[in-house]
Amino acid sequence: MNQTIRKQYSKQLEYFQSQIPLGSQSAGVLIATVEHYHQIIAEIEKQSGEDLSRFRIPDSVFRDRDTYMTNGFRDRLGSLIGYLKADIEEEKEEGSSDTLKIITGIQRTLRKLFRTKPNSEKAVQEKLEDLFNGQQLNFKREQEHIPYSSKTYIPDFTFEDINGVVEVKFCNNIEREKELIAEINDDIQAYSTRYKNLIFVIYDGGGFIRDEEKFKQDIESKSVVVEIVKH
């Protein structure tokens, strides 16, 4: 089974696992939930060609007409997650070549791609996509959906090879600075449930962020990078 399948489905199943109530005294797991789990197994089997029947939920944990025993279900689900993650290669750290390539490209090249000042976040996204394609990076644009709390977040760019996200923000007035801090903090909470390395690109279209270090100091960490590009 290749790394992409292992990574994709281990993350999906971990989220699935987080929605299952803990403890044997819970109301049990609905048959519909078990059927969904079996559908995921079937998808993995189809893509990988492996027999994963040992991870299916047996009749022995059938509780009543409508539910399965919670602990029995969680045990099989946890075993499948462990199997998928067992041979996943160690994720690249922030200093990896691809991550450095992304950050360096943003710092050195992004501003030069604009002949005139952009007027929207989408315009910056388009140029970043051109940049990443030119760097021959493996990425997806606005394809991943991350449910968190009562919202679903869609990262601008996701990079499975470095377990990372690049998110674009556009600053076009002085009031926008405070809004950006709140937006980034919200994004960090959601994106970090699935990705390890987060890169936020803020295109400052008029020098509205005057103190870059102060802006970054409470946001950046080992796994969060903020790059401010001024026009």
# chains A, B, ... in the order shown; residues from 1 in each chain; ligands from 1

$ residues_around --residues "Gln47 in chain A" --least-positions-apart "3" --cutoff "12 Å" --atoms "only C-alpha atoms" --output "PyMOL selection string"
chain A and resi 1-6+8-9+40-44+50-52

$ closest_atom_pairs --of "range 77-153 of chain A" --to "range 175-188 of chain A" --cutoff "12 Å" --atoms "only C-alpha atoms" --output "JSON lines"
{"residue": "A:Ile146", "atom": "CA", "partner": "A:Asp187", "partner_atom": "CA", "distance": 10.1}
{"residue": "A:Pro147", "atom": "CA", "partner": "A:Asp187", "partner_atom": "CA", "distance": 11.3}
{"residue": "A:Tyr148", "atom": "CA", "partner": "A:Asp187", "partner_atom": "CA", "distance": 9.7}
{"residue": "A:Ser149", "atom": "CA", "partner": "A:Asp186", "partner_atom": "CA", "distance": 10.6}
{"residue": "A:Lys151", "atom": "CA", "partner": "A:Asp186", "partner_atom": "CA", "distance": 10.5}
{"residue": "A:Thr152", "atom": "CA", "partner": "A:Asp187", "partner_atom": "CA", "distance": 10.5}
{"residue": "A:Tyr153", "atom": "CA", "partner": "A:Asp187", "partner_atom": "CA", "distance": 7.6}

$ atom_distance --atom1 "CA of Ile202 in chain A" --atom2 "CA of Leu110 in chain A"
11.1 Å

$ select_by_dssp --residues "range 86-161 of chain A" --states "helix (DSSP H, G or I)" --output "ChimeraX atom specification"
/A:86,97-108,111-113,121-134,160-161

$ atom_distance --atom1 "CA of Ser10 in chain A" --atom2 "CA of Asp156 in chain A"
21.9 Å

$ atom_distance --atom1 "CA of Thr158 in chain A" --atom2 "CA of Ser97 in chain A"
16.1 Å

$ closest_residue --among "A:Arg108, A:Arg56, A:His145, A:Arg210" --to "Leu131 in chain A" --atoms "only C-alpha atoms"
A:Arg108

$ closest_residue --among "A:Leu80, A:Val201, A:Ile209, A:Ala190" --to "Asn173 in chain A" --atoms "only C-alpha atoms"
A:Ile209
